[in-house]
>>> print(open('input.pdb').read())   # PDB, N, CA and C atoms
ATOM      1  N   MET A 172      10.329  10.870 -23.106
ATOM      2  CA  MET A 172      10.208  12.119 -22.382
ATOM      3  C   MET A 172       8.751  12.395 -22.015
ATOM      4  N   LYS A 173       7.831  12.087 -22.923
ATOM      5  CA  LYS A 173       6.416  12.318 -22.660
ATOM      6  C   LYS A 173       5.921  11.412 -21.532
ATOM      7  N   LYS A 174       6.433  10.172 -21.493
ATOM      8  CA  LYS A 174       6.024   9.245 -20.438
ATOM      9  C   LYS A 174       6.452   9.771 -19.071
ATOM     10  N   LEU A 175       7.639  10.324 -18.998
ATOM     11  CA  LEU A 175       8.137  10.880 -17.742
ATOM     12  C   LEU A 175       7.254  12.046 -17.290
ATOM     13  N   LEU A 176       6.848  12.883 -18.210
ATOM     14  CA  LEU A 176       5.971  14.005 -17.899
ATOM     15  C   LEU A 176       4.615  13.511 -17.399
ATOM     16  N   VAL A 177       4.073  12.493 -18.031
ATOM     17  CA  VAL A 177       2.793  11.927 -17.616
ATOM     18  C   VAL A 177       2.909  11.327 -16.217
ATOM     19  N   VAL A 178       3.990  10.622 -15.954
ATOM     20  CA  VAL A 178       4.195  10.025 -14.632
ATOM     21  C   VAL A 178       4.339  11.120 -13.580
ATOM     22  N   ALA A 179       5.069  12.162 -13.890
ATOM     23  CA  ALA A 179       5.253  13.263 -12.949
ATOM     24  C   ALA A 179       3.915  13.956 -12.669
ATOM     25  N   LEU A 180       3.125  14.198 -13.692
ATOM     26  CA  LEU A 180       1.821  14.828 -13.502
ATOM     27  C   LEU A 180       0.886  13.932 -12.693
ATOM     28  N   ALA A 181       0.939  12.631 -12.925
ATOM     29  CA  ALA A 181       0.114  11.700 -12.165
ATOM     30  C   ALA A 181       0.534  11.699 -10.694
ATOM     31  N   ALA A 182       1.829  11.747 -10.444
ATOM     32  CA  ALA A 182       2.322  11.768  -9.069
ATOM     33  C   ALA A 182       1.893  13.056  -8.363
ATOM     34  N   ILE A 183       1.986  14.177  -9.038
ATOM     35  CA  ILE A 183       1.561  15.457  -8.456
ATOM     36  C   ILE A 183       0.056  15.443  -8.200
ATOM     37  N   GLY A 184      -0.699  14.923  -9.144
ATOM     38  CA  GLY A 184      -2.147  14.825  -8.964
ATOM     39  C   GLY A 184      -2.504  13.931  -7.787
ATOM     40  N   GLY A 185      -1.823  12.805  -7.662
ATOM     41  CA  GLY A 185      -2.057  11.902  -6.535
ATOM     42  C   GLY A 185      -1.731  12.563  -5.211
ATOM     43  N   LEU A 186      -0.654  13.317  -5.174
ATOM     44  CA  LEU A 186      -0.271  14.021  -3.956
ATOM     45  C   LEU A 186      -1.325  15.062  -3.569
ATOM     46  N   LEU A 187      -1.828  15.792  -4.551
ATOM     47  CA  LEU A 187      -2.855  16.794  -4.278
ATOM     48  C   LEU A 187      -4.137  16.147  -3.765
ATOM     49  N   VAL A 188      -4.522  15.034  -4.340
ATOM     50  CA  VAL A 188      -5.719  14.323  -3.886
ATOM     51  C   VAL A 188      -5.508  13.822  -2.466
ATOM     52  N   TYR A 189      -4.339  13.264  -2.180
ATOM     53  CA  TYR A 189      -4.028  12.763  -0.841
ATOM     54  C   TYR A 189      -4.084  13.886   0.189
ATOM     55  N   ARG A 190      -3.502  15.030  -0.145
ATOM     56  CA  ARG A 190      -3.511  16.164   0.793
ATOM     57  C   ARG A 190      -4.930  16.680   1.019
ATOM     58  N   GLN A 191      -5.758  16.683  -0.005
ATOM     59  CA  GLN A 191      -7.141  17.135   0.141
ATOM     60  C   GLN A 191      -7.918  16.176   1.037
ATOM     61  N   ILE A 192      -7.704  14.883   0.872
ATOM     62  CA  ILE A 192      -8.371  13.891   1.713
ATOM     63  C   ILE A 192      -7.954  14.080   3.165
ATOM     64  N   GLN A 193      -6.661  14.302   3.401
ATOM     65  CA  GLN A 193      -6.164  14.512   4.753
ATOM     66  C   GLN A 193      -6.787  15.777   5.364
ATOM     67  N   ALA A 194      -6.891  16.841   4.583
ATOM     68  CA  ALA A 194      -7.480  18.084   5.069
ATOM     69  C   ALA A 194      -8.957  17.890   5.397
ATOM     70  N   ASP A 195      -9.679  17.177   4.550
ATOM     71  CA  ASP A 195     -11.092  16.908   4.799
ATOM     72  C   ASP A 195     -11.269  16.067   6.059
ATOM     73  N   ARG A 196     -10.394  15.092   6.248
ATOM     74  CA  ARG A 196     -10.463  14.240   7.432
ATOM     75  C   ARG A 196     -10.181  15.048   8.698
ATOM     76  N   ALA A 197      -9.206  15.943   8.627
ATOM     77  CA  ALA A 197      -8.883  16.784   9.778
ATOM     78  C   ALA A 197     -10.047  17.710  10.112
ATOM     79  N   GLU A 198     -10.678  18.274   9.093
ATOM     80  CA  GLU A 198     -11.825  19.151   9.328
ATOM     81  C   GLU A 198     -12.989  18.373   9.928
ATOM     82  N   GLN A 199     -13.205  17.155   9.454
ATOM     83  CA  GLN A 199     -14.284  16.321   9.997
ATOM     84  C   GLN A 199     -14.010  15.996  11.467
ATOM     85  N   ASP A 200     -12.753  15.692  11.793
ATOM     86  CA  ASP A 200     -12.390  15.425  13.186
ATOM     87  C   ASP A 200     -12.641  16.650  14.060
ATOM     88  N   LEU A 201     -12.323  17.818  13.523
ATOM     89  CA  LEU A 201     -12.543  19.048  14.271
ATOM     90  C   LEU A 201     -14.026  19.275  14.531
ATOM     91  N   TRP A 202     -14.859  19.063  13.504
ATOM     92  CA  TRP A 202     -16.308  19.223  13.673
ATOM     93  C   TRP A 202     -16.845  18.188  14.659
ATOM     94  N   THR A 203     -16.336  16.975  14.590
ATOM     95  CA  THR A 203     -16.789  15.936  15.511
ATOM     96  C   THR A 203     -16.460  16.322  16.943
ATOM     97  N   GLU A 204     -15.267  16.831  17.157
ATOM     98  CA  GLU A 204     -14.866  17.253  18.495
ATOM     99  C   GLU A 204     -15.706  18.438  18.976
ATOM    100  N   ALA A 205     -15.980  19.368  18.074
ATOM    101  CA  ALA A 205     -16.717  20.577  18.451
ATOM    102  C   ALA A 205     -18.184  20.279  18.739
ATOM    103  N   THR A 206     -18.755  19.306  18.069
ATOM    104  CA  THR A 206     -20.186  19.035  18.226
ATOM    105  C   THR A 206     -20.455  17.799  19.070
ATOM    106  N   ASP A 207     -19.424  17.171  19.597
ATOM    107  CA  ASP A 207     -19.581  15.987  20.426
ATOM    108  C   ASP A 207     -20.278  16.362  21.730
ATOM    109  N   SER A 208     -21.253  15.562  22.119
ATOM    110  CA  SER A 208     -21.969  15.871  23.358
ATOM    111  C   SER A 208     -21.071  15.536  24.553
ATOM    112  N   VAL A 209     -21.099  16.429  25.500
ATOM    113  CA  VAL A 209     -20.281  16.261  26.693
ATOM    114  C   VAL A 209     -21.156  15.684  27.796
ATOM    115  N   PRO A 210     -20.750  14.555  28.378
ATOM    116  CA  PRO A 210     -21.565  13.992  29.451
ATOM    117  C   PRO A 210     -21.595  14.918  30.672
ATOM    118  N   THR A 211     -22.759  15.035  31.292
ATOM    119  CA  THR A 211     -22.894  15.910  32.454
ATOM    120  C   THR A 211     -22.636  15.113  33.726
ATOM    121  N   GLY A 212     -22.168  15.788  34.755
ATOM    122  CA  GLY A 212     -21.906  15.138  36.018
ATOM    123  C   GLY A 212     -20.504  14.554  36.053
ATOM    124  N   SER A 213     -20.132  14.109  37.231
ATOM    125  CA  SER A 213     -18.785  13.545  37.396
ATOM    126  C   SER A 213     -18.847  12.076  37.695
TER     127      SER A 213
END
>>> encode(input="input.pdb", output="C-alpha cells")
Amino acid sequence: MKKLLVVALAAIGGLLVYRQIQADRAEQDLWTEATDSVPTGS
C-alpha cells in the first residue's frame, strides 16, 4: 500500500513539474513574440 502511495505521489509531482515547464515555455514564447523586432518596410 505504501508503494502505491509513493508511486501516486511521484506521478502527481511529475505532472506538476511538466505543467510548470509548459507554462514557463508558453510565457517565454509570449515574451519572445512581444519583444521580437519587426522588420521595417515592405
>>> atom_distance(input="input.pdb", atom1="atom CA of Leu201 of chain A", atom2="atom C of Tyr189 of chain A")
17.2 Å
>>> select_by_dssp(input="input.pdb", residues="chain A", states="alpha helix (DSSP H)", output="number ranges by chain")
A: 173-206
>>> atom_distance(input="input.pdb", atom1="atom CA of Ala181 of chain A", atom2="atom CA of Gln199 of chain A")
26.8 Å
>>> atom_distance(input="input.pdb", atom1="atom CA of Asp200 of chain A", atom2="atom CA of Val188 of chain A")
18.4 Å
>>> decode(input="input.pdb", residues="segment 184-195 of chain A", atoms="all heavy atoms", output="PDB file, in the first residue's frame")
ATOM      1  N   GLY A 184       3.653  14.597  -8.699  1.00  0.00           N
ATOM      2  CA  GLY A 184       4.781  15.528  -8.721  1.00  0.00           C
ATOM      3  C   GLY A 184       5.322  15.715 -10.129  1.00  0.00           C
ATOM      4  O   GLY A 184       5.614  16.840 -10.548  1.00  0.00           O
ATOM      5  N   GLY A 185       5.447  14.629 -10.873  1.00  0.00           N
ATOM      6  CA  GLY A 185       5.911  14.711 -12.258  1.00  0.00           C
ATOM      7  C   GLY A 185       4.962  15.520 -13.119  1.00  0.00           C
ATOM      8  O   GLY A 185       5.388  16.314 -13.958  1.00  0.00           O
ATOM      9  N   LEU A 186       3.675  15.336 -12.917  1.00  0.00           N
ATOM     10  CA  LEU A 186       2.681  16.088 -13.674  1.00  0.00           C
ATOM     11  C   LEU A 186       2.776  17.585 -13.367  1.00  0.00           C
ATOM     12  O   LEU A 186       2.714  18.417 -14.271  1.00  0.00           O
ATOM     13  CB  LEU A 186       1.273  15.577 -13.358  1.00  0.00           C
ATOM     14  CG  LEU A 186       0.124  16.287 -14.074  1.00  0.00           C
ATOM     15  CD1 LEU A 186       0.230  16.114 -15.580  1.00  0.00           C
ATOM     16  CD2 LEU A 186      -1.217  15.769 -13.563  1.00  0.00           C
ATOM     17  N   LEU A 187       2.947  17.923 -12.099  1.00  0.00           N
ATOM     18  CA  LEU A 187       3.071  19.327 -11.717  1.00  0.00           C
ATOM     19  C   LEU A 187       4.325  19.956 -12.316  1.00  0.00           C
ATOM     20  O   LEU A 187       4.282  21.089 -12.793  1.00  0.00           O
ATOM     21  CB  LEU A 187       3.072  19.467 -10.196  1.00  0.00           C
ATOM     22  CG  LEU A 187       1.748  19.145  -9.506  1.00  0.00           C
ATOM     23  CD1 LEU A 187       1.920  19.207  -7.994  1.00  0.00           C
ATOM     24  CD2 LEU A 187       0.649  20.079  -9.957  1.00  0.00           C
ATOM     25  N   VAL A 188       5.419  19.235 -12.315  1.00  0.00           N
ATOM     26  CA  VAL A 188       6.660  19.742 -12.905  1.00  0.00           C
ATOM     27  C   VAL A 188       6.474  19.930 -14.402  1.00  0.00           C
ATOM     28  O   VAL A 188       6.864  20.959 -14.964  1.00  0.00           O
ATOM     29  CB  VAL A 188       7.840  18.794 -12.612  1.00  0.00           C
ATOM     30  CG1 VAL A 188       9.053  19.152 -13.446  1.00  0.00           C
ATOM     31  CG2 VAL A 188       8.194  18.831 -11.133  1.00  0.00           C
ATOM     32  N   TYR A 189       5.848  18.969 -15.068  1.00  0.00           N
ATOM     33  CA  TYR A 189       5.604  19.058 -16.508  1.00  0.00           C
ATOM     34  C   TYR A 189       4.738  20.267 -16.842  1.00  0.00           C
ATOM     35  O   TYR A 189       5.033  21.014 -17.772  1.00  0.00           O
ATOM     36  CB  TYR A 189       4.935  17.767 -16.984  1.00  0.00           C
ATOM     37  CG  TYR A 189       4.523  17.816 -18.443  1.00  0.00           C
ATOM     38  CD1 TYR A 189       5.475  17.675 -19.450  1.00  0.00           C
ATOM     39  CD2 TYR A 189       3.198  18.005 -18.797  1.00  0.00           C
ATOM     40  CE1 TYR A 189       5.099  17.717 -20.785  1.00  0.00           C
ATOM     41  CE2 TYR A 189       2.821  18.048 -20.134  1.00  0.00           C
ATOM     42  CZ  TYR A 189       3.771  17.903 -21.115  1.00  0.00           C
ATOM     43  OH  TYR A 189       3.402  17.958 -22.424  1.00  0.00           O
ATOM     44  N   ARG A 190       3.681  20.475 -16.067  1.00  0.00           N
ATOM     45  CA  ARG A 190       2.793  21.621 -16.322  1.00  0.00           C
ATOM     46  C   ARG A 190       3.519  22.943 -16.088  1.00  0.00           C
ATOM     47  O   ARG A 190       3.293  23.907 -16.820  1.00  0.00           O
ATOM     48  CB  ARG A 190       1.543  21.526 -15.450  1.00  0.00           C
ATOM     49  CG  ARG A 190       0.616  20.392 -15.903  1.00  0.00           C
ATOM     50  CD  ARG A 190      -0.630  20.325 -15.097  1.00  0.00           C
ATOM     51  NE  ARG A 190      -1.383  21.563 -15.259  1.00  0.00           N
ATOM     52  CZ  ARG A 190      -2.514  21.827 -14.634  1.00  0.00           C
ATOM     53  NH1 ARG A 190      -3.038  20.934 -13.823  1.00  0.00           N
ATOM     54  NH2 ARG A 190      -3.139  22.956 -14.824  1.00  0.00           N
ATOM     55  N   GLN A 191       4.386  23.006 -15.099  1.00  0.00           N
ATOM     56  CA  GLN A 191       5.142  24.229 -14.831  1.00  0.00           C
ATOM     57  C   GLN A 191       6.108  24.514 -15.976  1.00  0.00           C
ATOM     58  O   GLN A 191       6.261  25.668 -16.392  1.00  0.00           O
ATOM     59  CB  GLN A 191       5.903  24.110 -13.507  1.00  0.00           C
ATOM     60  CG  GLN A 191       6.613  25.379 -13.102  1.00  0.00           C
ATOM     61  CD  GLN A 191       5.662  26.535 -12.859  1.00  0.00           C
ATOM     62  OE1 GLN A 191       4.625  26.362 -12.247  1.00  0.00           O
ATOM     63  NE2 GLN A 191       6.010  27.710 -13.349  1.00  0.00           N
ATOM     64  N   ILE A 192       6.758  23.486 -16.492  1.00  0.00           N
ATOM     65  CA  ILE A 192       7.672  23.656 -17.619  1.00  0.00           C
ATOM     66  C   ILE A 192       6.908  24.166 -18.833  1.00  0.00           C
ATOM     67  O   ILE A 192       7.358  25.071 -19.529  1.00  0.00           O
ATOM     68  CB  ILE A 192       8.409  22.338 -17.930  1.00  0.00           C
ATOM     69  CG1 ILE A 192       9.420  22.032 -16.819  1.00  0.00           C
ATOM     70  CG2 ILE A 192       9.108  22.408 -19.284  1.00  0.00           C
ATOM     71  CD1 ILE A 192      10.029  20.656 -16.903  1.00  0.00           C
ATOM     72  N   GLN A 193       5.730  23.598 -19.091  1.00  0.00           N
ATOM     73  CA  GLN A 193       4.914  24.025 -20.218  1.00  0.00           C
ATOM     74  C   GLN A 193       4.492  25.494 -20.049  1.00  0.00           C
ATOM     75  O   GLN A 193       4.494  26.254 -21.010  1.00  0.00           O
ATOM     76  CB  GLN A 193       3.682  23.141 -20.372  1.00  0.00           C
ATOM     77  CG  GLN A 193       3.993  21.725 -20.793  1.00  0.00           C
ATOM     78  CD  GLN A 193       4.587  21.647 -22.171  1.00  0.00           C
ATOM     79  OE1 GLN A 193       5.780  21.794 -22.352  1.00  0.00           O
ATOM     80  NE2 GLN A 193       3.749  21.432 -23.143  1.00  0.00           N
ATOM     81  N   ALA A 194       4.112  25.881 -18.842  1.00  0.00           N
ATOM     82  CA  ALA A 194       3.706  27.259 -18.581  1.00  0.00           C
ATOM     83  C   ALA A 194       4.879  28.213 -18.774  1.00  0.00           C
ATOM     84  O   ALA A 194       4.725  29.292 -19.356  1.00  0.00           O
ATOM     85  CB  ALA A 194       3.140  27.386 -17.173  1.00  0.00           C
ATOM     86  N   ASP A 195       6.055  27.836 -18.301  1.00  0.00           N
ATOM     87  CA  ASP A 195       7.242  28.667 -18.470  1.00  0.00           C
ATOM     88  C   ASP A 195       7.595  28.813 -19.948  1.00  0.00           C
ATOM     89  O   ASP A 195       7.962  29.899 -20.405  1.00  0.00           O
ATOM     90  CB  ASP A 195       8.435  28.083 -17.712  1.00  0.00           C
ATOM     91  CG  ASP A 195       8.304  28.207 -16.208  1.00  0.00           C
ATOM     92  OD1 ASP A 195       7.440  28.982 -15.746  1.00  0.00           O
ATOM     93  OD2 ASP A 195       9.052  27.512 -15.491  1.00  0.00           O
TER      94      ASP A 195
END
